[in-house]
file start-v4.csv (CSV, C-alpha atoms)
chain,number,residue,atom,x,y,z
A,1,MET,CA,-25.2,17.1,-19.4
A,2,ALA,CA,-22.0,18.3,-21.0
A,3,ILE,CA,-19.2,19.2,-18.6
A,4,VAL,CA,-16.3,21.0,-20.3
A,5,PHE,CA,-12.8,20.0,-19.0
A,6,ASN,CA,-10.3,22.8,-19.6
A,7,PRO,CA,-7.1,20.9,-20.2
A,8,SER,CA,-3.9,22.1,-18.6
A,9,ARG,CA,-0.5,22.6,-20.2
A,10,GLY,CA,1.3,19.8,-18.5
A,11,ALA,CA,1.3,18.8,-14.8
A,12,THR,CA,0.8,22.3,-13.4
A,13,LEU,CA,0.1,22.6,-9.6
A,14,GLY,CA,-2.2,24.3,-7.2
A,15,VAL,CA,-2.1,23.7,-3.4
A,16,GLU,CA,-4.7,24.6,-0.8
A,17,TRP,CA,-3.4,24.6,2.8
A,18,GLU,CA,-5.9,25.0,5.7
A,19,LEU,CA,-4.3,26.5,8.8
A,20,GLN,CA,-5.4,26.7,12.4
A,21,LEU,CA,-5.7,30.0,14.3
A,22,VAL,CA,-4.4,29.1,17.8
A,23,ASP,CA,-4.5,31.4,20.9
A,24,ALA,CA,-0.9,31.8,21.8
A,25,ALA,CA,-1.8,31.8,25.5
A,26,THR,CA,-4.5,29.2,25.9
A,27,ARG,CA,-3.5,27.0,22.9
A,28,HIS,CA,-7.1,26.6,22.0
A,29,LEU,CA,-8.5,27.5,18.6
A,30,ARG,CA,-9.7,31.1,18.2
A,31,GLN,CA,-12.6,31.9,15.9
A,32,ASP,CA,-10.9,35.1,14.5
A,33,ALA,CA,-10.5,34.5,10.8
A,34,ARG,CA,-12.5,37.7,10.0
A,35,GLU,CA,-10.1,39.8,12.1
A,36,VAL,CA,-7.0,38.2,10.5
A,37,LEU,CA,-8.3,38.6,7.0
A,38,ALA,CA,-9.3,42.2,7.7
A,39,ALA,CA,-5.6,42.9,8.4
A,40,LEU,CA,-4.6,41.4,5.0
A,41,PRO,CA,-6.7,43.4,2.5
A,42,SER,CA,-4.2,43.1,-0.3
A,43,GLN,CA,-3.9,39.3,0.0
A,44,ALA,CA,-7.4,38.5,1.1
A,45,GLU,CA,-9.6,40.5,-1.3
A,46,GLY,CA,-11.0,39.0,-4.5
A,47,GLY,CA,-13.3,36.2,-3.2
A,48,GLN,CA,-12.5,32.9,-4.8
A,49,LEU,CA,-9.3,34.4,-6.3
A,50,ALA,CA,-7.9,35.4,-3.0
A,51,LYS,CA,-4.7,33.6,-1.9
A,52,ILE,CA,-5.6,33.9,1.8
A,53,ARG,CA,-9.3,33.3,2.5
A,54,HIS,CA,-12.1,32.0,4.7
A,55,GLU,CA,-12.9,28.4,5.1
A,56,LEU,CA,-16.0,26.8,6.7
A,57,MET,CA,-15.0,27.6,10.3
A,58,GLU,CA,-13.7,30.9,11.7
A,59,SER,CA,-10.8,29.0,13.3
A,60,THR,CA,-9.4,28.3,9.8
A,61,VAL,CA,-7.6,30.4,7.2
A,62,GLU,CA,-6.9,28.8,3.9
A,63,VAL,CA,-3.7,29.6,1.9
A,64,VAL,CA,-3.9,29.0,-1.8
A,65,THR,CA,-1.2,29.1,-4.4
A,66,ASP,CA,-1.3,30.6,-7.9
A,67,VAL,CA,-0.9,28.1,-10.8
A,68,CYS,CA,2.6,26.8,-10.3
A,69,HIS,CA,4.8,24.6,-12.5
A,70,THR,CA,7.2,23.0,-10.0
A,71,VAL,CA,6.9,21.9,-6.4
A,72,ALA,CA,9.6,24.4,-5.4
A,73,GLU,CA,7.5,27.2,-6.9
A,74,ALA,CA,4.4,26.1,-5.0
A,75,GLN,CA,6.4,26.0,-1.8
A,76,ARG,CA,7.8,29.5,-2.3
A,77,ASP,CA,4.2,30.7,-3.0
A,78,LEU,CA,2.9,29.2,0.2
A,79,ALA,CA,5.8,30.5,2.2
A,80,ALA,CA,5.2,34.1,1.1
A,81,SER,CA,1.5,33.8,2.1
A,82,LEU,CA,2.4,32.2,5.3
A,83,ASP,CA,4.8,35.0,6.2
A,84,ALA,CA,2.0,37.6,5.5
A,85,LEU,CA,-0.5,35.6,7.5
A,86,ARG,CA,1.8,35.2,10.5
A,87,ALA,CA,2.5,39.0,10.5
A,88,ALA,CA,-1.2,39.6,10.7
A,89,ALA,CA,-1.9,37.0,13.3
A,90,ARG,CA,0.9,37.7,15.8
A,91,PRO,CA,-0.4,41.2,16.9
A,92,LEU,CA,-3.8,39.5,17.7
A,93,GLY,CA,-2.1,37.0,20.0
A,94,LEU,CA,-2.5,34.2,17.5
A,95,ALA,CA,-0.1,31.4,16.4
A,96,LEU,CA,-0.5,29.2,13.4
A,97,ALA,CA,-0.5,25.4,13.2
A,98,CYS,CA,-1.8,22.7,11.0
A,99,THR,CA,-3.0,19.3,12.1
A,100,GLY,CA,-6.0,17.4,10.8
A,101,THR,CA,-7.9,18.2,14.0
A,102,HIS,CA,-7.0,20.4,17.0
A,103,PRO,CA,-6.1,18.2,19.9
A,104,ILE,CA,-8.0,20.0,22.7
A,105,SER,CA,-10.6,22.4,21.2
A,106,ASP,CA,-14.2,21.3,21.1
A,107,TRP,CA,-16.0,21.4,17.8
A,108,ARG,CA,-19.1,22.7,19.5
A,109,ASP,CA,-17.2,26.0,20.1
A,110,ALA,CA,-16.7,26.5,16.4
A,111,GLU,CA,-18.3,29.4,14.5
A,112,THR,CA,-19.2,29.3,10.9
A,113,SER,CA,-17.6,31.8,8.4
A,114,PRO,CA,-19.8,34.7,7.3
A,115,LEU,CA,-20.2,33.4,3.7
A,116,GLN,CA,-23.6,32.4,2.2
A,117,ARG,CA,-22.4,29.1,0.7
A,118,TYR,CA,-21.2,28.0,4.2
A,119,ALA,CA,-24.5,29.0,5.8
A,120,GLU,CA,-26.4,27.0,3.2
A,121,LEU,CA,-24.1,24.0,3.8
A,122,VAL,CA,-24.8,24.0,7.5
A,123,GLU,CA,-28.5,24.4,6.9
A,124,GLN,CA,-28.5,21.4,4.6
A,125,MET,CA,-26.1,19.1,6.5
A,126,GLN,CA,-26.8,20.2,10.1
A,127,TRP,CA,-24.7,18.3,12.7
A,128,LEU,CA,-22.5,16.8,9.9
A,129,ALA,CA,-21.3,20.2,8.9
A,130,ARG,CA,-21.2,21.9,12.3
A,131,ARG,CA,-18.6,19.5,13.6
A,132,ILE,CA,-16.2,19.9,10.6
A,133,GLN,CA,-13.6,21.8,12.6
A,134,THR,CA,-11.0,19.9,10.6
A,135,PHE,CA,-8.0,20.9,8.5
A,136,GLY,CA,-6.6,19.4,5.3
A,137,VAL,CA,-4.4,19.9,2.3
A,138,HIS,CA,-5.6,19.7,-1.3
A,139,VAL,CA,-3.3,19.3,-4.3
A,140,HIS,CA,-4.4,20.0,-7.9
A,141,VAL,CA,-2.3,18.5,-10.7
A,142,GLY,CA,-2.9,19.6,-14.3
A,143,VAL,CA,-4.1,17.0,-16.8
A,144,THR,CA,-3.5,17.6,-20.5
A,145,ASP,CA,-6.7,16.0,-21.9
A,146,GLY,CA,-10.1,15.6,-20.2
A,147,ALA,CA,-10.4,12.0,-21.5
A,148,LYS,CA,-7.5,11.1,-19.2
A,149,ALA,CA,-9.1,12.6,-16.0
A,150,ILE,CA,-11.3,9.7,-15.1
A,151,PRO,CA,-8.7,6.9,-15.7
A,152,ILE,CA,-6.2,8.9,-13.6
A,153,VAL,CA,-8.7,9.4,-10.8
A,154,ASN,CA,-9.4,5.6,-10.8
A,155,ALA,CA,-5.7,4.8,-10.7
A,156,LEU,CA,-5.0,7.3,-7.9
A,157,ALA,CA,-7.8,5.7,-5.8
A,158,GLY,CA,-5.4,2.8,-5.2
A,159,TYR,CA,-3.1,5.2,-3.4
A,160,LEU,CA,-5.6,6.6,-0.8
A,161,PRO,CA,-3.8,4.8,2.0
A,162,HIS,CA,-0.4,6.1,1.0
A,163,PHE,CA,-1.6,9.7,0.8
A,164,LEU,CA,-3.4,9.5,4.1
A,165,ALA,CA,-0.9,7.5,6.2
A,166,LEU,CA,2.0,9.8,5.3
A,167,THR,CA,0.1,12.8,6.5
A,168,ALA,CA,-2.3,11.5,9.1
A,169,SER,CA,-2.2,14.1,11.9
A,170,SER,CA,-5.5,13.8,13.8
A,171,PRO,CA,-5.4,11.1,16.4
A,172,PHE,CA,-6.9,13.4,19.0
A,173,TRP,CA,-10.5,14.8,19.0
A,174,SER,CA,-11.9,17.2,21.6
A,175,GLY,CA,-9.2,16.2,24.1
A,176,ALA,CA,-9.3,12.5,23.7
A,177,ASP,CA,-7.2,9.9,21.8
A,178,THR,CA,-9.5,8.4,19.2
A,179,GLY,CA,-7.3,5.3,18.6
A,180,LEU,CA,-7.2,6.4,15.0
A,181,ALA,CA,-4.4,7.8,13.0
A,182,SER,CA,-6.9,10.2,11.3
A,183,SER,CA,-10.1,11.1,12.9
A,184,ARG,CA,-10.5,13.8,10.3
A,185,ALA,CA,-11.0,11.1,7.6
A,186,VAL,CA,-14.0,9.9,9.6
A,187,VAL,CA,-15.5,13.3,10.5
A,188,PHE,CA,-15.3,14.8,7.0
A,189,GLY,CA,-16.0,11.4,5.3
A,190,GLN,CA,-19.5,11.3,6.8
A,191,LEU,CA,-20.8,14.0,4.4
A,192,PRO,CA,-23.1,12.3,1.9
A,193,THR,CA,-21.0,13.1,-1.2
A,194,ALA,CA,-17.6,12.7,0.4
A,195,GLY,CA,-15.4,9.6,0.6
A,196,PRO,CA,-13.6,7.6,-2.1
A,197,PRO,CA,-14.3,8.5,-5.7
A,198,HIS,CA,-16.8,6.6,-7.7
A,199,LEU,CA,-14.8,4.5,-10.2
A,200,LEU,CA,-16.4,5.4,-13.5
A,201,ASP,CA,-15.6,4.2,-17.1
A,202,ASP,CA,-14.9,7.5,-18.8
A,203,TRP,CA,-15.8,11.2,-19.0
A,204,THR,CA,-19.2,10.6,-20.4
A,205,ALA,CA,-20.0,8.4,-17.4
A,206,PHE,CA,-18.9,11.2,-15.2
A,207,GLU,CA,-21.1,13.6,-17.0
A,208,ASP,CA,-24.1,11.2,-16.7
A,209,TYR,CA,-23.5,10.6,-13.0
A,210,MET,CA,-23.3,14.4,-12.2
A,211,ASP,CA,-26.4,14.9,-14.2
A,212,THR,CA,-28.2,12.3,-12.2
A,213,LEU,CA,-27.1,13.8,-8.9
A,214,LEU,CA,-28.2,17.3,-10.0
A,215,ARG,CA,-31.6,16.0,-11.3
A,216,ALA,CA,-32.2,14.1,-8.0
A,217,GLY,CA,-31.4,17.2,-6.0
A,218,THR,CA,-28.5,15.5,-4.2
A,219,ILE,CA,-26.2,18.4,-5.2
A,220,ARG,CA,-26.7,21.9,-6.6
A,221,SER,CA,-23.3,22.0,-8.3
A,222,ILE,CA,-20.6,19.5,-9.1
A,223,LYS,CA,-18.4,21.4,-6.6
A,224,GLU,CA,-20.5,19.8,-3.9
A,225,VAL,CA,-19.0,16.4,-4.8
A,226,TRP,CA,-16.3,16.2,-2.2
A,227,TRP,CA,-14.6,12.9,-3.2
A,228,ASP,CA,-11.1,12.1,-1.8
A,229,ILE,CA,-9.9,12.5,-5.4
A,230,ARG,CA,-12.0,14.2,-8.0
A,231,PRO,CA,-11.6,15.9,-11.4
A,232,HIS,CA,-11.9,19.6,-11.4
A,233,PRO,CA,-13.1,20.6,-14.9
A,234,ASP,CA,-12.8,24.4,-14.5
A,235,PHE,CA,-9.1,24.2,-13.5
A,236,GLY,CA,-8.3,21.2,-15.8
A,237,THR,CA,-6.9,19.3,-12.9
A,238,VAL,CA,-7.2,16.2,-10.8
A,239,GLU,CA,-7.6,17.2,-7.2
A,240,ILE,CA,-6.2,15.0,-4.4
A,241,ARG,CA,-8.1,15.8,-1.2
A,242,MET,CA,-7.1,12.8,0.9
A,243,PHE,CA,-4.3,14.5,2.9
A,244,ASP,CA,-4.8,15.4,6.6
A,245,GLY,CA,-3.7,18.8,7.8
A,246,ILE,CA,0.1,18.8,7.2
A,247,PRO,CA,2.3,20.4,9.9
A,248,THR,CA,5.3,21.5,7.9
A,249,LEU,CA,5.9,23.1,4.5
A,250,ARG,CA,8.5,20.4,3.8
A,251,GLU,CA,5.8,17.8,4.2
A,252,VAL,CA,3.4,19.8,2.0
A,253,GLY,CA,6.2,19.7,-0.6
A,254,MET,CA,6.4,15.9,-0.2
A,255,ALA,CA,2.7,15.5,-0.7
A,256,THR,CA,2.7,17.8,-3.8
A,257,ALA,CA,5.7,15.9,-5.3
A,258,LEU,CA,4.0,12.6,-4.7
A,259,CYS,CA,0.9,13.8,-6.5
A,260,GLN,CA,2.7,15.5,-9.4
A,261,SER,CA,4.9,12.5,-10.0
A,262,LEU,CA,2.0,10.0,-9.9
A,263,VAL,CA,-0.2,12.0,-12.2
A,264,THR,CA,2.6,12.6,-14.6
A,265,LEU,CA,3.4,8.9,-14.7
A,266,PHE,CA,-0.2,8.0,-15.4
A,267,ASP,CA,-0.6,10.7,-18.0
A,268,GLN,CA,2.5,9.5,-19.9
A,269,GLN,CA,1.3,5.8,-19.6
A,270,LEU,CA,-2.0,6.8,-21.3
A,271,ASP,CA,0.0,8.5,-24.0
A,272,ARG,CA,1.8,5.3,-24.6
A,273,GLY,CA,-1.5,3.3,-25.0
A,274,TYR,CA,-1.4,1.6,-21.6
A,275,THR,CA,-4.5,0.8,-19.6
A,276,LEU,CA,-4.2,2.3,-16.1
A,277,PRO,CA,-5.0,0.1,-13.0
A,278,ARG,CA,-8.5,0.4,-11.6
A,279,PRO,CA,-8.8,-1.2,-8.1
A,280,ALA,CA,-12.1,-2.7,-7.0
A,281,ALA,CA,-14.3,-0.4,-5.0
A,282,TRP,CA,-14.3,-2.6,-2.0
A,283,VAL,CA,-10.5,-2.6,-1.9
A,284,VAL,CA,-10.4,1.2,-2.1
A,285,ARG,CA,-12.9,1.5,0.8
A,286,ASP,CA,-11.2,-1.2,2.9
A,287,ASN,CA,-7.7,0.3,2.4
A,288,LYS,CA,-8.8,3.8,3.3
A,289,TRP,CA,-10.2,2.5,6.6
A,290,ARG,CA,-7.0,0.6,7.3
A,291,ALA,CA,-4.9,3.7,6.9
A,292,THR,CA,-7.5,5.8,8.9
A,293,ARG,CA,-7.1,3.3,11.8
A,294,TYR,CA,-3.5,2.3,11.7
A,295,GLY,CA,-1.7,4.9,9.6
A,296,LEU,CA,1.7,3.6,8.3
A,297,ASP,CA,1.3,0.5,10.4
A,298,ALA,CA,-1.6,-0.7,8.2
A,299,VAL,CA,-1.5,-3.9,6.3
A,300,VAL,CA,-3.2,-3.0,3.0
A,301,ILE,CA,-4.8,-5.1,0.3
A,302,THR,CA,-2.7,-5.2,-2.9
A,303,ASP,CA,-5.1,-6.8,-5.4
A,304,ASP,CA,-8.6,-7.9,-6.0
A,305,GLY,CA,-7.8,-11.3,-4.7
A,306,GLY,CA,-7.2,-10.1,-1.2
A,307,HIS,CA,-3.4,-10.4,-0.9
A,308,THR,CA,-1.9,-8.0,1.5
A,309,ALA,CA,1.4,-6.2,2.3
A,310,PRO,CA,2.7,-3.7,5.0
A,311,LEU,CA,1.9,-0.2,4.0
A,312,ARG,CA,5.3,1.0,5.0
A,313,ASP,CA,6.8,-1.3,2.5
A,314,GLU,CA,4.4,-0.2,-0.2
A,315,VAL,CA,5.2,3.5,0.5
A,316,TYR,CA,8.9,2.8,0.3
A,317,GLU,CA,8.5,1.0,-3.0
A,318,LEU,CA,6.3,3.7,-4.5
A,319,VAL,CA,8.8,6.4,-3.7
A,320,ALA,CA,11.6,4.3,-5.3
A,321,GLU,CA,9.4,3.8,-8.4
A,322,LEU,CA,8.6,7.5,-8.7
A,323,GLU,CA,12.2,8.7,-8.2
A,324,PRO,CA,13.0,8.9,-12.0
A,325,VAL,CA,9.8,10.8,-12.7
A,326,ALA,CA,10.4,13.2,-9.8
A,327,ALA,CA,13.9,13.8,-11.0
A,328,ARG,CA,12.6,14.9,-14.4
A,329,LEU,CA,10.0,17.1,-12.8
A,330,GLY,CA,12.6,18.7,-10.5
A,331,CYS,CA,11.0,17.5,-7.3
A,332,ALA,CA,13.2,14.6,-6.3
A,333,GLU,CA,14.4,16.3,-3.1
A,334,GLU,CA,10.8,17.0,-2.0
A,335,LEU,CA,9.8,13.4,-2.7
A,336,LYS,CA,12.7,12.2,-0.5
A,337,VAL,CA,11.0,13.7,2.6
A,338,ALA,CA,8.7,10.7,2.5
A,339,GLY,CA,11.7,8.7,3.6
A,340,GLU,CA,12.2,11.0,6.6
A,341,VAL,CA,8.6,10.5,7.5
A,342,LEU,CA,9.0,6.8,7.4
A,343,GLU,CA,12.1,7.1,9.6
A,344,HIS,CA,11.0,9.7,12.1
A,345,GLY,CA,7.3,9.2,12.1
A,346,ALA,CA,4.2,10.6,10.4
A,347,PRO,CA,2.5,13.5,12.2
A,348,TYR,CA,0.1,11.3,14.2
A,349,GLU,CA,3.1,9.3,15.4
A,350,ARG,CA,5.1,12.4,16.5
A,351,GLN,CA,2.0,13.6,18.4
A,352,ARG,CA,1.6,10.3,20.2
A,353,ALA,CA,5.3,10.2,21.0
A,354,ILE,CA,4.9,13.5,22.9
A,355,ARG,CA,2.1,12.0,25.0
A,356,ALA,CA,4.1,8.7,25.5
A,357,GLY,CA,7.0,10.8,26.8
A,358,GLY,CA,4.8,12.4,29.5
A,359,GLY,CA,3.7,15.5,27.6
A,360,GLY,CA,0.1,16.8,27.7
A,361,LEU,CA,-2.1,17.8,24.8
A,362,GLU,CA,-1.0,21.4,25.2
A,363,ASP,CA,2.5,20.2,24.4
A,364,VAL,CA,1.1,18.5,21.3
A,365,VAL,CA,-0.3,21.9,20.2
A,366,ASP,CA,3.0,23.6,21.0
A,367,ALA,CA,4.8,21.0,18.9
A,368,ALA,CA,2.5,21.7,15.9
A,369,ILE,CA,3.1,25.5,16.3
A,370,LEU,CA,6.9,24.9,16.4
A,371,GLU,CA,6.9,22.5,13.5
A,372,LEU,CA,5.1,25.0,11.2
A,373,ALA,CA,7.2,28.0,12.5
A,374,GLU,CA,10.6,26.2,12.0
A,375,ASN,CA,9.6,23.8,9.2
A,376,ARG,CA,11.0,20.7,10.8
A,377,PHE,CA,9.9,17.7,12.8
A,378,VAL,CA,9.8,18.2,16.6
A,379,THR,CA,11.4,15.5,18.7
A,380,ARG,CA,10.3,14.3,22.1
A,381,GLY,CA,10.9,16.8,24.9
A,382,GLU,CA,11.1,19.8,22.6
A,383,ALA,CA,7.4,20.6,22.7
A,384,ALA,CA,7.4,21.1,26.5
A,385,ARG,CA,10.4,23.4,26.3
A,386,ALA,CA,8.8,25.4,23.5
A,387,GLY,CA,5.7,26.0,25.6
A,388,ASN,CA,7.6,27.4,28.5

call {"tool": "encode", "arguments": {"input": "start-v4.csv", "output": "structure tokens"}}
result
Amino acid sequence: MAIVFNPSRGATLGVEWELQLVDAATRHLRQDAREVLAALPSQAEGGQLAKIRHELMESTVEVVTDVCHTVAEAQRDLAASLDALRAAARPLGLALACTGTHPISDWRDAETSPLQRYAELVEQMQWLARRIQTFGVHVHVGVTDGAKAIPIVNALAGYLPHFLALTASSPFWSGADTGLASSRAVVFGQLPTAGPPHLLDDWTAFEDYMDTLLRAGTIRSIKEVWWDIRPHPDFGTVEIRMFDGIPTLREVGMATALCQSLVTLFDQQLDRGYTLPRPAAWVVRDNKWRATRYGLDAVVITDDGGHTAPLRDEVYELVAELEPVAARLGCAEELKVAGEVLEHGAPYERQRAIRAGGGGLEDVVDAAILELAENRFVTRGEAARAGN
């Protein structure tokens, strides 16, 4: 099976941001995506080309950028769509937020979007699909040659814990603290073709593997392979799907800068004849679990021999290593936000700080709404004031 990879002209960007529709009075999710999109005919028409569109659940609206060249351009694109979406949502009594799961809404109250492909997914996956009332961010980065895509995917797999821990935002599920930094990683990861990418040798091995899945009836299209990191042949990108729902545009910029810088570094190393790192599959799986459970407090495995290091230290060193690349790409300031996350807390830590300070889960929802609206981290005590 031949799969054509449409190479990109450099490390272009595309970002997909899944946003929650929250009832401004009750703070629960509202299943009103159809009403919101109906108020946005100019932005929401065009099916897959729409910049504001349906996702699996009616509690979700996805905002998608055009092809962008810089992180700043992607942020401006998202900000414009966010303004239009907010203007449509406000008259309906809706607020917007983004966390990997909604702290208090029950997944059993979710309604599926009125699209055939989602109905087919639910029919096939049943309970696994019906409970995916989760929210994430996907970042596409252009790759200049299809032969580079698989080595870059393999190398990026070593950074799954970094991607997840910096953005983990789903400690709560249906009103309870799960004890995890990211319950979304578990809920979505249960799909049969989700989870860490298969570490393959080259593009031919990828084609052969996809052909096997199609022949076996496991998938009907390669788009049904929902790896945490995957090549996207049509777009000519590598797509990083590991991020939890990200509460602020600043942090979306951080995640995008991290992806663009890493992919650019690996692309250039391949041009120079280097062999990219390829972690052992067991290390990738174990490290993803550690970040899922402990977030930035995880101690991760650093090599196939089982040596370990604190993830906070690893993130700090990674950001320092990528600073020259980010400077050349013009996203150094966006990458620096990772340092603020390390200092002030990842989203899951900020949520738990509200609870530790005596706030309720409604205050956690208020904080998420405020963080998105004002594009900043909410400190203890602010959420309760915001809800009054």

call {"tool": "residues_around", "arguments": {"input": "start-v4.csv", "residues": "range 142-158 of chain A", "least_positions_apart": "3", "cutoff": "9 Å", "atoms": "all atoms listed in the file", "output": "MDAnalysis selection string"}}
result
chainID A and resid 4:14 161:162 196:204 206 228:233 235:240 259:260 262:264 266:267 270 275:281 283:284 287 302

call {"tool": "closest_atom_pairs", "arguments": {"input": "start-v4.csv", "of": "range 118-168 of chain A", "to": "range 18-27 of chain A", "cutoff": "7 Å", "atoms": "all atoms listed in the file", "output": "CSV"}}
result
residue,atom,partner,partner_atom,distance
A:Phe135,CA,A:Glu18,CA,5.4
A:Gly136,CA,A:Glu18,CA,5.7
A:Val137,CA,A:Glu18,CA,6.3

call {"tool": "closest_residue", "arguments": {"input": "start-v4.csv", "among": "A:Leu166, A:Leu56, A:Ala298, A:Ile222", "to": "Glu207 in chain A", "atoms": "all atoms listed in the file"}}
result
A:Ile222

call {"tool": "residues_around", "arguments": {"input": "start-v4.csv", "residues": "range 312-325 of chain A", "least_positions_apart": "3", "cutoff": "6 Å", "atoms": "all atoms listed in the file", "output": "list in words"}}
result
Ser261, Leu296 and Arg328 of chain A

call {"tool": "residues_around", "arguments": {"input": "start-v4.csv", "residues": "Ser182 in chain A", "least_positions_apart": "2", "cutoff": "7 Å", "atoms": "only C-alpha atoms", "output": "count of residues only"}}
result
9

call {"tool": "residues_around", "arguments": {"input": "start-v4.csv", "residues": "range 347-349 of chain A", "least_positions_apart": "4", "cutoff": "12 Å", "atoms": "all atoms listed in the file", "output": "count of residues only"}}
result
57

call {"tool": "residues_near_point", "arguments": {"input": "start-v4.csv", "point": "(-8.8, 28.8, 15.4)", "cutoff": "7 Å", "atoms": "only C-alpha atoms", "output": "VMD selection string"}}
result
chain A and resid 20 to 22 29 to 32 58 to 60

call {"tool": "write_last_selection", "arguments": {"input": "start-v4.csv", "atoms": "C-alpha atoms", "output": "short mmCIF file (atom, residue, chain, number, x, y, z; two decimals), keeping the file's coordinate frame"}}
result
data_model
loop_
_atom_site.label_atom_id
_atom_site.label_comp_id
_atom_site.auth_asym_id
_atom_site.auth_seq_id
_atom_site.Cartn_x
_atom_site.Cartn_y
_atom_site.Cartn_z
CA GLN A 20 -5.40 26.70 12.40
CA LEU A 21 -5.70 30.00 14.30
CA VAL A 22 -4.40 29.10 17.80
CA LEU A 29 -8.50 27.50 18.60
CA ARG A 30 -9.70 31.10 18.20
CA GLN A 31 -12.60 31.90 15.90
CA ASP A 32 -10.90 35.10 14.50
CA GLU A 58 -13.70 30.90 11.70
CA SER A 59 -10.80 29.00 13.30
CA THR A 60 -9.40 28.30 9.80
#

call {"tool": "closest_residue", "arguments": {"input": "start-v4.csv", "among": "A:Ile219, A:Val15, A:Ala176, A:Met242", "to": "Arg76 in chain A", "atoms": "only C-alpha atoms"}}
result
A:Val15

call {"tool": "closest_residue", "arguments": {"input": "start-v4.csv", "among": "A:Ala74, A:Ala110, A:Leu40, A:Ile52", "to": "Glu334 in chain A", "atoms": "all atoms listed in the file"}}
result
A:Ala74

call {"tool": "closest_residue", "arguments": {"input": "start-v4.csv", "among": "A:Trp289, A:Tyr209, A:Tyr274, A:Tyr159", "to": "Val186 in chain A", "atoms": "all atoms listed in the file"}}
result
A:Trp289

call {"tool": "closest_residue", "arguments": {"input": "start-v4.csv", "among": "A:Met210, A:Ile3, A:Leu361, A:Leu329", "to": "Ala72 in chain A", "atoms": "only C-alpha atoms"}}
result
A:Leu329

call {"tool": "atom_distance", "arguments": {"input": "start-v4.csv", "atom1": "CA of Arg53 in chain A", "atom2": "CA of Ala79 in chain A"}}
result
15.4 Å

call {"tool": "closest_residue", "arguments": {"input": "start-v4.csv", "among": "A:Glu35, A:Glu333, A:Glu120, A:Asp106", "to": "Ala88 in chain A", "atoms": "all atoms listed in the file"}}
result
A:Glu35

call {"tool": "atom_distance", "arguments": {"input": "start-v4.csv", "atom1": "CA of Arg350 in chain A", "atom2": "CA of Ala326 in chain A"}}
result
26.8 Å

call {"tool": "atom_distance", "arguments": {"input": "start-v4.csv", "atom1": "CA of His140 in chain A", "atom2": "CA of Ala50 in chain A"}}
result
16.5 Å

call {"tool": "build_atoms", "arguments": {"input": "start-v4.csv", "residues": "range 280-289 of chain A", "atoms": "N, CA, C and O atoms", "output": "PDB file, in the frame of the given file"}}
result
ATOM      1  N   ALA A 280     -10.677  -2.495  -7.333  1.00  0.00           N
ATOM      2  CA  ALA A 280     -12.100  -2.700  -7.000  1.00  0.00           C
ATOM      3  C   ALA A 280     -12.513  -1.768  -5.909  1.00  0.00           C
ATOM      4  O   ALA A 280     -11.730  -1.383  -5.031  1.00  0.00           O
ATOM      5  N   ALA A 281     -13.772  -1.365  -5.975  1.00  0.00           N
ATOM      6  CA  ALA A 281     -14.300  -0.400  -5.000  1.00  0.00           C
ATOM      7  C   ALA A 281     -14.150  -0.843  -3.586  1.00  0.00           C
ATOM      8  O   ALA A 281     -13.839  -0.055  -2.680  1.00  0.00           O
ATOM      9  N   TRP A 282     -14.357  -2.143  -3.347  1.00  0.00           N
ATOM     10  CA  TRP A 282     -14.300  -2.600  -2.000  1.00  0.00           C
ATOM     11  C   TRP A 282     -12.847  -2.559  -1.445  1.00  0.00           C
ATOM     12  O   TRP A 282     -12.626  -2.298  -0.247  1.00  0.00           O
ATOM     13  N   VAL A 283     -11.873  -2.741  -2.333  1.00  0.00           N
ATOM     14  CA  VAL A 283     -10.500  -2.600  -1.900  1.00  0.00           C
ATOM     15  C   VAL A 283     -10.147  -1.188  -1.541  1.00  0.00           C
ATOM     16  O   VAL A 283      -9.481  -0.932  -0.528  1.00  0.00           O
ATOM     17  N   VAL A 284     -10.633  -0.241  -2.349  1.00  0.00           N
ATOM     18  CA  VAL A 284     -10.400   1.200  -2.100  1.00  0.00           C
ATOM     19  C   VAL A 284     -10.972   1.553  -0.703  1.00  0.00           C
ATOM     20  O   VAL A 284     -10.307   2.188   0.123  1.00  0.00           O
ATOM     21  N   ARG A 285     -12.218   1.149  -0.453  1.00  0.00           N
ATOM     22  CA  ARG A 285     -12.900   1.500   0.800  1.00  0.00           C
ATOM     23  C   ARG A 285     -12.148   0.835   2.001  1.00  0.00           C
ATOM     24  O   ARG A 285     -11.902   1.475   3.032  1.00  0.00           O
ATOM     25  N   ASP A 286     -11.808  -0.436   1.855  1.00  0.00           N
ATOM     26  CA  ASP A 286     -11.200  -1.200   2.900  1.00  0.00           C
ATOM     27  C   ASP A 286      -9.795  -0.574   3.253  1.00  0.00           C
ATOM     28  O   ASP A 286      -9.429  -0.361   4.420  1.00  0.00           O
ATOM     29  N   ASN A 287      -9.034  -0.272   2.208  1.00  0.00           N
ATOM     30  CA  ASN A 287      -7.700   0.300   2.400  1.00  0.00           C
ATOM     31  C   ASN A 287      -7.737   1.670   3.047  1.00  0.00           C
ATOM     32  O   ASN A 287      -6.875   2.019   3.871  1.00  0.00           O
ATOM     33  N   LYS A 288      -8.731   2.472   2.667  1.00  0.00           N
ATOM     34  CA  LYS A 288      -8.800   3.800   3.300  1.00  0.00           C
ATOM     35  C   LYS A 288      -9.096   3.610   4.798  1.00  0.00           C
ATOM     36  O   LYS A 288      -8.495   4.317   5.615  1.00  0.00           O
ATOM     37  N   TRP A 289      -9.970   2.690   5.160  1.00  0.00           N
ATOM     38  CA  TRP A 289     -10.200   2.500   6.600  1.00  0.00           C
ATOM     39  C   TRP A 289      -8.968   1.998   7.294  1.00  0.00           C
ATOM     40  O   TRP A 289      -8.656   2.466   8.403  1.00  0.00           O
TER      41      TRP A 289
END
